[in-house]
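File shown: model.txt (compact mmCIF, C-alpha atoms).
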```txt
# COMPACT_ATOMS: atom_id res chain seq x y z
CA MET A 20 -62.71 -4.83 -114.07
CA LYS A 21 -63.24 -5.47 -110.38
CA PHE A 22 -60.35 -5.04 -107.95
CA PHE A 23 -60.03 -6.97 -104.71
CA ASN A 24 -57.29 -6.17 -102.20
CA PHE A 25 -55.83 -9.63 -101.55
CA HIS A 26 -53.80 -9.79 -98.34
CA LEU A 27 -51.46 -12.63 -97.37
CA MET A 28 -50.74 -11.12 -93.93
CA PRO A 29 -47.09 -12.28 -93.76
CA TYR A 30 -45.03 -12.07 -90.60
CA ARG A 31 -42.85 -9.44 -92.26
CA HIS A 32 -40.43 -9.18 -89.32
CA ILE A 33 -39.15 -12.71 -89.91
CA ASP A 34 -35.40 -13.34 -90.02
CA LEU A 35 -34.91 -14.09 -93.72
CA GLU A 36 -31.57 -15.76 -93.12
CA ALA A 37 -33.23 -18.12 -90.63
CA ILE A 38 -35.59 -19.20 -93.42
CA LYS A 39 -32.63 -19.81 -95.71
CA ARG A 40 -30.83 -21.89 -93.07
CA ASN A 41 -34.00 -23.89 -92.38
CA GLY A 42 -34.74 -24.42 -96.06
CA THR A 43 -38.34 -23.22 -95.84
CA ALA A 44 -40.66 -20.82 -94.03
CA TRP A 45 -43.25 -23.58 -93.73
CA VAL A 46 -44.00 -26.20 -91.05
CA THR A 47 -40.44 -26.71 -89.75
CA LEU A 48 -39.40 -23.08 -89.15
CA THR A 49 -39.62 -22.75 -85.37
CA ASN A 50 -42.29 -20.42 -84.01
CA ALA A 51 -39.63 -19.06 -81.64
CA HIS A 52 -39.14 -16.51 -84.41
CA TYR A 53 -42.64 -15.11 -83.81
CA ASP A 54 -42.81 -12.11 -81.46
CA PRO A 55 -46.42 -11.73 -80.23
CA GLN A 56 -46.03 -7.98 -79.65
CA LEU A 57 -44.88 -7.41 -83.23
CA GLY A 58 -47.42 -9.88 -84.59
CA ALA A 59 -50.29 -8.15 -82.81
CA GLU A 60 -49.32 -4.83 -84.38
CA LEU A 61 -49.12 -6.47 -87.80
CA TYR A 62 -52.67 -7.81 -87.51
CA HIS A 63 -53.96 -4.32 -86.82
CA ASP A 64 -51.83 -2.78 -89.59
CA TYR A 65 -53.13 -5.32 -92.08
CA LEU A 66 -56.78 -4.89 -91.08
CA ASP A 67 -56.31 -1.11 -91.34
CA GLN A 68 -54.93 -1.56 -94.86
CA MET A 69 -57.96 -3.57 -95.92
CA GLU A 70 -60.32 -1.00 -94.44
CA LEU A 71 -58.41 1.70 -96.36
CA ALA A 72 -58.90 -0.25 -99.59
CA ASP A 73 -62.64 -0.32 -98.91
CA ARG A 74 -62.78 3.45 -98.35
CA LEU A 75 -60.78 4.13 -101.51
CA GLY A 76 -63.07 2.15 -103.81
CA PHE A 77 -61.75 -1.40 -104.10
CA ASP A 78 -64.59 -3.80 -104.89
CA GLY A 79 -63.57 -6.32 -102.27
CA VAL A 80 -60.96 -7.57 -99.84
CA CYS A 81 -59.58 -11.12 -99.69
CA LEU A 82 -58.24 -13.34 -96.94
CA ASN A 83 -56.89 -16.88 -97.17
CA GLU A 84 -55.80 -19.80 -95.01
CA HIS A 85 -52.36 -21.21 -94.31
CA HIS A 86 -50.91 -23.08 -91.37
CA GLN A 87 -47.59 -23.08 -89.52
CA THR A 88 -45.79 -20.53 -91.67
CA ALA A 89 -44.41 -17.00 -91.62
CA TYR A 90 -45.77 -16.64 -95.16
CA GLY A 91 -49.25 -15.83 -93.84
CA MET A 92 -50.70 -15.36 -90.36
CA MET A 93 -54.21 -16.56 -91.16
CA PRO A 94 -54.72 -20.13 -89.92
CA ILE A 95 -58.37 -19.24 -89.17
CA PRO A 96 -59.36 -16.58 -91.75
CA GLY A 97 -62.92 -16.40 -90.43
CA VAL A 98 -61.64 -14.65 -87.30
CA LEU A 99 -60.24 -11.82 -89.42
CA ALA A 100 -63.25 -11.78 -91.74
CA GLY A 101 -65.43 -11.35 -88.66
CA ALA A 102 -63.28 -8.43 -87.52
CA LEU A 103 -63.79 -6.82 -90.94
CA ALA A 104 -67.48 -7.62 -91.30
CA ARG A 105 -68.63 -4.46 -89.52
CA SER A 106 -65.73 -2.13 -90.39
CA ILE A 107 -65.80 -2.84 -94.14
CA LYS A 108 -68.83 -0.80 -95.11
CA ARG A 109 -69.12 -1.27 -98.87
CA ALA A 110 -66.70 -3.82 -100.34
CA LYS A 111 -67.25 -7.56 -100.48
CA ILE A 112 -65.29 -9.84 -98.15
CA ALA A 113 -63.86 -13.01 -99.68
CA VAL A 114 -62.21 -15.88 -97.86
CA LEU A 115 -60.15 -17.62 -100.56
CA GLY A 116 -60.58 -20.01 -98.98
CA ARG A 117 -61.01 -22.60 -96.25
CA ALA A 118 -58.99 -25.79 -96.85
CA LEU A 119 -61.80 -28.32 -96.65
CA PRO A 120 -59.81 -31.60 -96.63
CA LEU A 121 -58.01 -30.50 -93.45
CA LEU A 122 -61.28 -30.41 -91.48
CA ASN A 123 -62.90 -33.21 -89.56
CA ASN A 124 -66.18 -31.26 -89.36
CA PRO A 125 -67.04 -29.30 -92.54
CA LEU A 126 -70.32 -28.19 -90.95
CA MET A 127 -68.23 -25.74 -88.93
CA VAL A 128 -67.38 -23.99 -92.21
CA ALA A 129 -71.05 -24.03 -93.27
CA GLU A 130 -71.89 -22.27 -89.99
CA GLU A 131 -68.91 -19.90 -90.09
CA TYR A 132 -69.58 -18.78 -93.65
CA ALA A 133 -73.32 -18.41 -93.03
CA MET A 134 -72.56 -16.17 -90.05
CA LEU A 135 -70.22 -14.01 -92.15
CA ASP A 136 -72.84 -13.79 -94.90
CA ASN A 137 -75.36 -12.52 -92.35
CA LEU A 138 -72.90 -10.11 -90.72
CA THR A 139 -72.10 -8.55 -94.10
CA ARG A 140 -75.74 -8.64 -95.23
CA GLY A 141 -74.79 -10.61 -98.31
CA ARG A 142 -71.38 -9.13 -99.15
CA PHE A 143 -69.56 -12.37 -98.47
CA ILE A 144 -67.80 -14.66 -100.99
CA ALA A 145 -67.16 -18.27 -99.98
CA GLY A 146 -63.85 -19.70 -101.13
CA PHE A 147 -63.00 -23.39 -100.94
CA VAL A 148 -59.53 -24.83 -101.47
CA ARG A 149 -57.74 -28.14 -100.98
CA GLY A 150 -54.76 -26.42 -99.37
CA ILE A 151 -51.20 -26.70 -100.62
CA GLY A 152 -49.06 -29.73 -99.83
CA ALA A 153 -47.37 -28.15 -96.82
CA GLU A 154 -50.76 -27.99 -95.08
CA TYR A 155 -51.00 -31.79 -95.10
CA HIS A 156 -47.68 -32.06 -93.31
CA ALA A 157 -48.79 -29.44 -90.81
CA MET A 158 -52.19 -30.98 -90.06
CA GLY A 159 -51.33 -34.68 -90.34
CA ILE A 160 -53.79 -35.42 -93.15
CA ASN A 161 -53.05 -38.01 -95.82
CA PRO A 162 -52.72 -36.06 -99.12
CA ALA A 163 -53.89 -39.10 -101.08
CA VAL A 164 -57.45 -38.54 -99.81
CA SER A 165 -57.34 -34.79 -100.40
CA GLN A 166 -59.55 -34.69 -103.48
CA GLU A 167 -62.24 -37.02 -102.19
CA ARG A 168 -62.39 -35.26 -98.80
CA PHE A 169 -62.69 -31.92 -100.60
CA ALA A 170 -65.52 -33.12 -102.84
CA GLU A 171 -67.46 -34.69 -99.97
CA ALA A 172 -67.02 -31.67 -97.68
CA HIS A 173 -68.08 -29.28 -100.46
CA ASP A 174 -71.22 -31.26 -101.25
CA LEU A 175 -72.17 -31.47 -97.59
CA ILE A 176 -71.72 -27.74 -97.02
CA VAL A 177 -73.87 -26.83 -100.03
CA ARG A 178 -76.56 -29.26 -98.87
CA ALA A 179 -76.43 -27.76 -95.38
CA TRP A 180 -77.00 -24.32 -96.89
CA THR A 181 -79.75 -25.26 -99.32
CA GLU A 182 -81.76 -28.10 -97.74
CA THR A 183 -84.10 -27.62 -94.83
CA GLY A 184 -82.88 -29.53 -91.80
CA PRO A 185 -82.54 -31.52 -89.82
CA PHE A 186 -81.41 -34.39 -92.01
CA ALA A 187 -78.95 -37.21 -91.50
CA TYR A 188 -75.76 -37.55 -93.54
CA SER A 189 -73.55 -40.60 -93.91
CA GLY A 190 -70.55 -40.41 -96.23
CA LYS A 191 -67.13 -41.98 -96.54
CA HIS A 192 -65.30 -39.36 -94.49
CA TYR A 193 -68.08 -37.55 -92.60
CA GLN A 194 -71.15 -38.78 -90.72
CA PHE A 195 -73.79 -36.72 -88.91
CA ASN A 196 -77.12 -37.66 -87.38
CA TYR A 197 -78.31 -34.08 -87.61
CA VAL A 198 -77.49 -31.47 -90.25
CA ASN A 199 -79.48 -28.37 -89.37
CA THR A 200 -77.33 -25.28 -89.95
CA TRP A 201 -78.19 -22.18 -87.94
CA PRO A 202 -77.97 -19.47 -89.16
CA ARG A 203 -78.91 -19.99 -92.78
CA PRO A 204 -76.97 -17.94 -95.37
CA TYR A 205 -78.18 -14.41 -96.07
CA GLN A 206 -77.76 -14.86 -99.83
CA SER A 207 -80.04 -17.28 -101.65
CA PRO A 208 -79.41 -20.08 -102.26
CA HIS A 209 -75.94 -19.48 -100.77
CA PRO A 210 -72.93 -17.12 -101.07
CA PRO A 211 -71.08 -17.17 -104.39
CA ILE A 212 -68.40 -19.85 -104.39
CA TRP A 213 -64.92 -19.11 -105.71
CA ILE A 214 -62.25 -21.76 -106.26
CA PRO A 215 -58.55 -20.78 -106.12
CA SER A 216 -55.93 -23.19 -107.48
CA GLN A 217 -52.27 -23.42 -108.42
CA GLY A 218 -53.34 -24.74 -111.81
CA SER A 219 -54.62 -28.26 -111.17
CA GLY A 220 -56.41 -29.49 -114.29
CA SER A 221 -58.95 -31.45 -112.28
CA THR A 222 -59.77 -28.40 -110.15
CA ILE A 223 -60.19 -26.18 -113.22
CA ARG A 224 -62.47 -28.70 -114.91
CA TRP A 225 -64.58 -29.14 -111.80
CA ALA A 226 -64.89 -25.38 -111.20
CA ALA A 227 -66.02 -24.87 -114.79
CA GLN A 228 -68.58 -27.68 -114.55
CA MET A 229 -69.95 -26.14 -111.35
CA ARG A 230 -69.91 -22.64 -112.90
CA TYR A 231 -67.89 -21.34 -109.97
CA THR A 232 -65.49 -18.42 -110.32
CA TYR A 233 -61.97 -19.77 -110.81
CA CYS A 234 -59.05 -17.90 -109.22
CA GLN A 235 -55.54 -18.53 -110.53
CA THR A 236 -52.82 -18.11 -107.93
CA LEU A 237 -49.29 -16.73 -108.41
CA SER A 238 -48.23 -17.72 -111.95
CA PRO A 239 -46.74 -16.17 -115.12
CA ILE A 240 -49.41 -14.50 -117.22
CA ALA A 241 -48.87 -16.86 -120.19
CA ALA A 242 -49.69 -19.81 -117.93
CA VAL A 243 -52.66 -17.92 -116.50
CA ALA A 244 -53.99 -17.44 -120.03
CA ARG A 245 -53.66 -21.20 -120.70
CA PHE A 246 -55.42 -22.12 -117.46
CA PHE A 247 -58.25 -19.70 -118.17
CA GLN A 248 -58.61 -21.09 -121.68
CA LEU A 249 -58.90 -24.58 -120.19
CA TYR A 250 -61.72 -23.25 -118.02
CA ARG A 251 -63.48 -21.77 -121.05
CA ASP A 252 -63.03 -25.02 -122.97
CA GLU A 253 -64.50 -27.03 -120.10
CA ALA A 254 -67.40 -24.60 -119.79
CA GLU A 255 -68.16 -25.09 -123.48
CA LYS A 256 -68.20 -28.86 -122.95
CA ALA A 257 -70.63 -28.29 -120.08
CA GLY A 258 -72.97 -26.41 -122.42
CA TYR A 259 -72.35 -22.75 -121.68
CA GLU A 260 -69.97 -19.91 -122.53
CA ALA A 261 -67.85 -18.73 -119.62
CA THR A 262 -67.62 -14.99 -119.07
CA PRO A 263 -64.63 -12.98 -117.79
CA ASP A 264 -66.50 -12.49 -114.51
CA GLN A 265 -65.88 -16.19 -113.81
CA LEU A 266 -62.10 -15.71 -114.00
CA ALA A 267 -59.95 -13.98 -111.37
CA TRP A 268 -56.18 -13.49 -111.47
CA SER A 269 -54.18 -13.22 -108.25
CA ASN A 270 -51.36 -10.75 -108.90
CA THR A 271 -49.08 -8.22 -107.24
CA ILE A 272 -49.07 -4.56 -108.23
CA TYR A 273 -46.79 -1.79 -107.00
CA VAL A 274 -47.04 1.79 -108.29
CA ALA A 275 -44.58 4.68 -107.93
CA GLU A 276 -43.83 7.84 -109.89
CA THR A 277 -41.43 6.12 -112.29
CA ASP A 278 -40.61 2.56 -113.30
CA ALA A 279 -37.13 2.84 -111.79
CA LYS A 280 -38.44 4.08 -108.45
CA ALA A 281 -41.14 1.42 -108.30
CA ILE A 282 -38.64 -1.35 -108.99
CA ALA A 283 -36.13 -0.02 -106.46
CA GLU A 284 -38.76 0.31 -103.74
CA ALA A 285 -40.43 -3.03 -104.34
CA ARG A 286 -37.30 -5.11 -104.96
CA PRO A 287 -36.25 -6.19 -101.44
CA HIS A 288 -39.79 -6.92 -100.30
CA LEU A 289 -40.92 -8.79 -103.40
CA GLU A 290 -37.72 -10.83 -103.60
CA ALA A 291 -38.11 -11.68 -99.90
CA LEU A 292 -41.57 -13.05 -100.72
CA VAL A 293 -40.61 -15.27 -103.64
CA ASN A 294 -37.13 -16.34 -102.51
CA ARG A 295 -37.72 -16.78 -98.79
CA LEU A 296 -41.37 -16.79 -97.69
CA LEU A 297 -42.46 -19.01 -100.60
CA LEU A 298 -39.44 -21.30 -100.29
CA MET A 299 -40.26 -24.96 -99.79
CA PRO A 300 -38.85 -28.28 -101.04
CA PRO A 301 -40.81 -30.13 -103.75
CA GLU A 302 -41.93 -32.88 -101.39
CA MET A 303 -43.55 -30.25 -99.20
CA LEU A 304 -45.25 -28.40 -102.05
CA LEU A 305 -46.51 -31.53 -103.85
CA PRO A 306 -46.38 -34.56 -101.52
CA PRO A 307 -46.99 -38.02 -103.03
CA GLY A 308 -50.65 -38.66 -103.66
CA TYR A 309 -51.66 -34.99 -103.52
CA THR A 310 -52.40 -34.70 -107.23
CA ASN A 311 -52.08 -36.66 -110.46
CA PHE A 312 -48.94 -36.61 -112.60
CA GLU A 313 -50.43 -34.32 -115.26
CA SER A 314 -51.43 -31.66 -112.77
CA MET A 315 -48.15 -32.02 -110.86
CA GLU A 316 -46.14 -31.34 -113.98
CA ARG A 317 -48.36 -28.36 -114.84
CA VAL A 318 -47.98 -26.80 -111.39
CA ARG A 319 -44.24 -27.44 -111.17
CA ALA A 320 -43.72 -25.83 -114.57
CA VAL A 321 -45.22 -22.49 -113.54
CA LYS A 322 -44.29 -22.15 -109.86
CA VAL A 323 -42.00 -19.22 -109.09
CA THR A 324 -40.20 -21.21 -106.41
CA GLY A 325 -36.90 -22.96 -107.07
CA LYS A 326 -33.91 -20.94 -108.25
CA PRO A 327 -33.72 -17.37 -106.88
CA GLN A 328 -35.92 -14.92 -108.76
CA THR A 329 -35.15 -11.25 -109.28
CA ILE A 330 -37.81 -8.61 -109.59
CA GLU A 331 -36.82 -8.31 -113.25
CA ASP A 332 -37.53 -12.04 -113.73
CA LEU A 333 -40.98 -11.66 -112.19
CA ILE A 334 -41.82 -8.57 -114.25
CA LYS A 335 -40.66 -10.20 -117.49
CA ALA A 336 -42.73 -13.33 -116.80
CA GLY A 337 -45.81 -11.26 -116.03
CA VAL A 338 -46.09 -12.60 -112.50
CA VAL A 339 -46.17 -9.05 -111.11
CA ILE A 340 -46.81 -5.56 -112.45
CA ILE A 341 -44.39 -2.98 -111.09
CA GLY A 342 -43.92 0.54 -112.41
CA SER A 343 -45.30 3.97 -113.08
CA PRO A 344 -49.05 4.50 -113.42
CA ASN A 345 -48.77 4.42 -117.22
CA THR A 346 -46.74 1.22 -117.20
CA VAL A 347 -49.11 -0.52 -114.81
CA ARG A 348 -52.18 0.54 -116.77
CA GLU A 349 -50.69 -0.62 -120.09
CA LYS A 350 -49.50 -3.99 -118.80
CA LEU A 351 -52.67 -4.74 -116.89
CA ALA A 352 -54.77 -3.97 -119.97
CA ASP A 353 -52.55 -6.22 -122.10
CA TYR A 354 -52.78 -9.04 -119.57
CA GLN A 355 -56.54 -8.66 -119.24
CA ASN A 356 -56.90 -8.96 -123.01
CA LEU A 357 -54.53 -11.94 -123.17
CA ALA A 358 -56.11 -14.00 -120.40
CA GLY A 359 -59.71 -12.75 -120.53
CA PHE A 360 -60.32 -12.16 -116.81
CA ASN A 361 -62.45 -9.46 -115.23
CA THR A 362 -61.36 -9.63 -111.58
CA SER A 363 -57.94 -8.67 -110.27
CA LEU A 364 -57.04 -10.12 -106.87
CA THR A 365 -54.27 -7.65 -106.16
CA LYS A 366 -51.67 -7.96 -103.43
CA THR A 367 -50.83 -4.39 -102.42
CA GLN A 368 -48.68 -5.53 -99.49
CA PHE A 369 -46.16 -8.28 -100.14
CA GLY A 370 -43.28 -9.88 -98.32
CA THR A 371 -41.57 -7.46 -95.95
CA LEU A 372 -43.22 -4.31 -97.36
CA PRO A 373 -43.80 -1.92 -94.41
CA ASP A 374 -47.13 -0.34 -93.54
CA ASP A 375 -46.43 3.16 -94.89
CA MET A 376 -45.38 1.80 -98.29
CA ALA A 377 -48.34 -0.55 -98.47
CA ARG A 378 -50.76 2.26 -97.68
CA ALA A 379 -49.14 4.53 -100.28
CA ASN A 380 -49.44 1.71 -102.82
CA ILE A 381 -53.14 1.19 -102.04
CA GLU A 382 -53.74 4.91 -102.51
CA ALA A 383 -51.77 5.02 -105.78
CA ILE A 384 -53.66 2.05 -107.21
CA ALA A 385 -56.98 3.57 -106.16
CA GLN A 386 -56.15 6.92 -107.73
CA GLU A 387 -54.18 5.92 -110.81
CA ILE A 388 -55.37 2.43 -111.82
CA LEU A 389 -58.92 1.74 -110.66
CA PRO A 390 -60.59 4.61 -112.58
CA ALA A 391 -59.07 3.46 -115.89
CA PHE A 392 -60.46 -0.07 -115.46
CA ARG A 393 -63.79 0.54 -113.77
CA THR A 394 -65.83 -0.24 -116.88
CA ARG A 395 -63.15 -2.02 -118.90
CA LEU A 396 -63.72 -5.54 -120.25
CA PRO A 397 -61.28 -7.83 -122.06
CA GLU A 398 -61.18 -7.12 -125.76
CA GLY A 399 -62.20 -9.62 -128.41
CA LYS A 400 -64.17 -12.80 -127.85
CA ALA A 401 -63.99 -12.62 -124.06
CA GLN A 402 -65.36 -9.09 -124.06
CA GLN A 403 -68.27 -10.14 -126.27
CA ALA A 404 -69.12 -12.99 -123.91
CA ALA A 405 -69.09 -10.65 -120.92
CA ALA A 406 -71.44 -8.22 -122.58
CA GLU A 407 -74.07 -10.84 -123.40
```

Could you take the file, read its structure, and then write that structure out as structure tokens?
Amino acid sequence: MKFFNFHLMPYRHIDLEAIKRNGTAWVTLTNAHYDPQLGAELYHDYLDQMELADRLGFDGVCLNEHHQTAYGMMPIPGVLAGALARSIKRAKIAVLGRALPLLNNPLMVAEEYAMLDNLTRGRFIAGFVRGIGAEYHAMGINPAVSQERFAEAHDLIVRAWTETGPFAYSGKHYQFNYVNTWPRPYQSPHPPIWIPSQGSGSTIRWAAQMRYTYCQTLSPIAAVARFFQLYRDEAEKAGYEATPDQLAWSNTIYVAETDAKAIAEARPHLEALVNRLLLMPPEMLLPPGYTNFESMERVRAVKVTGKPQTIEDLIKAGVVIIGSPNTVREKLADYQNLAGFNTSLTKTQFGTLPDDMARANIEAIAQEILPAFRTRLPEGKAQQAAAE
């Protein structure tokens, strides 16, 4: 299994009661709560943590994009990926991903990603997302055109990477007289494309048809297994057998000497994440027109938002893995077998977890978990497919 250190870069100094009073940490929580001196230190702490993960043997590091929220301080993830491009010496760098429908010029992403691919000499992974509903409130984009803007922007970016320019492009949402991307990507024909999703059926089907790696975001492991099976089913319809390397699970892992100590240490920080930083009303998460009814019901059924969640709830549902090294190894192996994935996108810092605890967690995972999974594949049918 491959392990990527997936960082949300939250503003962990946020007043949690202010989020509760406001009803959400997204869009409407005033930025008066942001202290630039504290925020600047957090950026450096978080970059240091990702560099530590590289030195300790993680296969990659992940960034993502969110806007106007204390949940994550990465409105422009390419800035941080650029900062890491020369300090991360071995691991891959993944941006999971840029929210394409929010952009009026997708060629900027084609250029940005091509630059990162060159800076890393081909260790870059290109992630594309639609962005969650809150992003459409923040950026003033009609969610009803989200899917068609995403599809058009994706197709244009891939053309810009793979076709010799200049050429003209005229679409429904984007028009250019000249498409002539400099620099070209380092990898040929382009960087690998990964597609994260909350569980949208249309996104899963499209990712499988395109043979892109599908990344399932924060969800109970039983739902993850169903989503990954949908991907495998769609791949079969498209004429091929999906392998575990095409499936990545975004999870949270925290390791301490005993289960009790791990739970006690992680509790306030993990519960702050799910009960405060992730808090948003339904109309903000899934605004009208954002997705079809089937996908809306699927996403709403598995989201960990809503009623307050305890760490015990999250552990029982298989949303997180918290415990001693033995417990974490056993549960992760069980979940890998159940869902058939071969990449773990692991949050080692979460919520309000301070720097010293995050660094200790990265070290514990590197020492106690990574070696046991370095050559491990899912058992059964999925393992057979991976070996072929």

Next on the checklist: Give me, as a PyMOL selection string, all polymer residues having an atom no more than 12 Å from stretch 56-67 of chain A, counting only C-alpha atoms and skipping those fewer than 6 positions away in the same chain.
Outcome noted: chain A and resi 24-33+50+73-74+80-82+89+91-93+96+98-107+366-369+371-378+381

Checklist entry - Counting only C-alpha atoms, what is within 8 Å of stretch 272-283 of chain A, bar same-chain residues fewer than 3 positions away, as a PyMOL selection string? => result chain A and resi 286-287+330+339-344+346-347+365-367+380+383-384

Checklist entry - Taking (-39.6, -17.3, -94.9) in the file's coordinates, which residues come within 12 Å, counting only C-alpha atoms, written as a VMD selection string? => result chain A and resid 29 to 50 52 to 53 87 to 91 288 290 to 299 370 to 371

Next on the checklist: As an exercise, work out the distance from atom CA of A:Pro208 to atom CA of A:Trp180 in Å and give it to one decimal place.
Outcome noted: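 Straight-line distance from atom CA of A:Pro208 to atom CA of A:Trp180 works out to 7.3 Å.
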
Next on the checklist: Under the rule that only C-alpha atoms are counted, which of A:Leu75, A:Glu130, A:Ile95, A:Pro211 is the nearest residue to A:Arg142?
Outcome noted: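 The shortest atom-to-atom distance to A:Arg142 comes from A:Pro211.
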
Checklist entry - Pick the closest to A:Leu304 from A:Glu387, A:Glu131, A:Glu154, A:Glu253: which is it, counting all atoms listed in the file? => result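 Of A:Glu387, A:Glu131, A:Glu154, A:Glu253, the one nearest A:Leu304, counting all atoms listed in the file, is A:Glu154.
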
Checklist entry - Hey, what's within 10 Å of A:Arg117 if we count only C-alpha atoms and toss same-chain stuff fewer than 2 positions away? As a ChimeraX atom specification, please? => result /A:82-85,94-97,114-115,119-122,125,128,132,145-150

Item to check | Neighbour list for stretch 182-195 of chain A as a list in words, cut-off 8 Å, only C-alpha atoms, skip fewer than 3 positions in-chain | outcome: Asn123, Asn124, Arg168, Glu171, Ala172, Arg178, Ala179, Val198, Asn199 and Thr200 of chain A

Store the residues picked out above in a file with C-alpha atoms, as an mmCIF file, in the coordinates of the input.
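The result, stored in out_24.cif:
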```cif
data_model
loop_
_atom_site.group_PDB
_atom_site.id
_atom_site.type_symbol
_atom_site.label_atom_id
_atom_site.label_comp_id
_atom_site.auth_asym_id
_atom_site.auth_seq_id
_atom_site.Cartn_x
_atom_site.Cartn_y
_atom_site.Cartn_z
ATOM 1 C CA ASN A 123 -62.900 -33.210 -89.560
ATOM 2 C CA ASN A 124 -66.180 -31.260 -89.360
ATOM 3 C CA ARG A 168 -62.390 -35.260 -98.800
ATOM 4 C CA GLU A 171 -67.460 -34.690 -99.970
ATOM 5 C CA ALA A 172 -67.020 -31.670 -97.680
ATOM 6 C CA ARG A 178 -76.560 -29.260 -98.870
ATOM 7 C CA ALA A 179 -76.430 -27.760 -95.380
ATOM 8 C CA VAL A 198 -77.490 -31.470 -90.250
ATOM 9 C CA ASN A 199 -79.480 -28.370 -89.370
ATOM 10 C CA THR A 200 -77.330 -25.280 -89.950
#
```

Please identify every residue of stretch 238-308 of chain A that has at least one atom no farther than 7 Å from an atom of stretch 355-364 of chain A, counting all atoms listed in the file, and for each give the shortest atom pair and the distance in Å to one decimal, arranged by chain then increasing number, as a Markdown table.
```
| residue | atom | partner | partner_atom | distance |
| --- | --- | --- | --- | --- |
| A:Val243 | CA | A:Ala358 | CA | 6.5 |
| A:Ala244 | CA | A:Ala358 | CA | 4.1 |
| A:Phe247 | CA | A:Ala358 | CA | 6.5 |
| A:Pro263 | CA | A:Phe360 | CA | 4.5 |
| A:Asp264 | CA | A:Asn361 | CA | 5.1 |
| A:Leu266 | CA | A:Phe360 | CA | 4.9 |
| A:Ala267 | CA | A:Thr362 | CA | 4.6 |
| A:Trp268 | CA | A:Ser363 | CA | 5.3 |
| A:Ser269 | CA | A:Leu364 | CA | 4.4 |
| A:Asn270 | CA | A:Leu364 | CA | 6.1 |
```

For the selection just defined, write its residues with C-alpha atoms to a file, as an mmCIF file, in the frame of the given file.
```cif
data_model
loop_
_atom_site.group_PDB
_atom_site.id
_atom_site.type_symbol
_atom_site.label_atom_id
_atom_site.label_comp_id
_atom_site.auth_asym_id
_atom_site.auth_seq_id
_atom_site.Cartn_x
_atom_site.Cartn_y
_atom_site.Cartn_z
ATOM 1 C CA VAL A 243 -52.660 -17.920 -116.500
ATOM 2 C CA ALA A 244 -53.990 -17.440 -120.030
ATOM 3 C CA PHE A 247 -58.250 -19.700 -118.170
ATOM 4 C CA PRO A 263 -64.630 -12.980 -117.790
ATOM 5 C CA ASP A 264 -66.500 -12.490 -114.510
ATOM 6 C CA LEU A 266 -62.100 -15.710 -114.000
ATOM 7 C CA ALA A 267 -59.950 -13.980 -111.370
ATOM 8 C CA TRP A 268 -56.180 -13.490 -111.470
ATOM 9 C CA SER A 269 -54.180 -13.220 -108.250
ATOM 10 C CA ASN A 270 -51.360 -10.750 -108.900
#
```

Next on the checklist: Quick check, in Å to one decimal: how far apart do atom CA of A:Glu260 and atom CA of A:His209 lie?
Outcome noted: 22.6 Å

Item to check | Selected residue of minimal separation from A:Gln265 among A:Gly337, A:Ile214, A:Tyr155, A:Tyr309, counting all atoms listed in the file | outcome: A:Ile214

Next on the checklist: Can you measure atom CA of A:Ala72 to atom CA of A:Leu333 for me? One decimal in Å is fine.
Outcome noted: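 Computing the Euclidean distance for atom CA of A:Ala72 and atom CA of A:Leu333 yields 24.7 Å.
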
Checklist entry - Near A:Met303, counting all atoms listed in the file, which residues have an atom at most 8 Å away, once you skip same-chain residues fewer than 4 positions from it, shown as a count of residues only? => result 4

Next on the checklist: Between A:Leu305, A:Leu396, A:Ala352, A:Leu289, which residue has the minimum interatomic distance to A:Ile334, considering all atoms listed in the file?
Outcome noted: A:Leu289

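All protein and nucleic acid residues in the vicinity of (-54.0, -39.9, -101.5), that is within 10 Å when counting all atoms listed in the file, are Ile160, Asn161, Pro162, Ala163, Val164, Ser165, Gln166, Glu167, Arg168, Pro306, Pro307, Gly308, Tyr309, Thr310 and Asn311 of chain A.
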
Keeping only C-alpha atoms, take the residues you just selected and write them out as a CSV table (one decimal), keeping the file's coordinate frame.
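selection_14.csv was written with the following content:
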```
chain,number,residue,atom,x,y,z
A,160,ILE,CA,-53.8,-35.4,-93.2
A,161,ASN,CA,-53.0,-38.0,-95.8
A,162,PRO,CA,-52.7,-36.1,-99.1
A,163,ALA,CA,-53.9,-39.1,-101.1
A,164,VAL,CA,-57.4,-38.5,-99.8
A,165,SER,CA,-57.3,-34.8,-100.4
A,166,GLN,CA,-59.6,-34.7,-103.5
A,167,GLU,CA,-62.2,-37.0,-102.2
A,168,ARG,CA,-62.4,-35.3,-98.8
A,306,PRO,CA,-46.4,-34.6,-101.5
A,307,PRO,CA,-47.0,-38.0,-103.0
A,308,GLY,CA,-50.6,-38.7,-103.7
A,309,TYR,CA,-51.7,-35.0,-103.5
A,310,THR,CA,-52.4,-34.7,-107.2
A,311,ASN,CA,-52.1,-36.7,-110.5
```

Next on the checklist: I need the residue nearest A:Met127 from this list: A:Gly79, A:Gly159, A:Pro397, A:Pro202. Use all atoms listed in the file for the distance.
Outcome noted: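 Checking each of A:Gly79, A:Gly159, A:Pro397, A:Pro202 against A:Met127, counting all atoms listed in the file, the winner is A:Pro202.
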
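Counting all atoms listed in the file, the residue from A:Ala129, A:Ile212, A:Leu389, A:Ala336 that sits nearest to A:Leu175 is A:Ala129.
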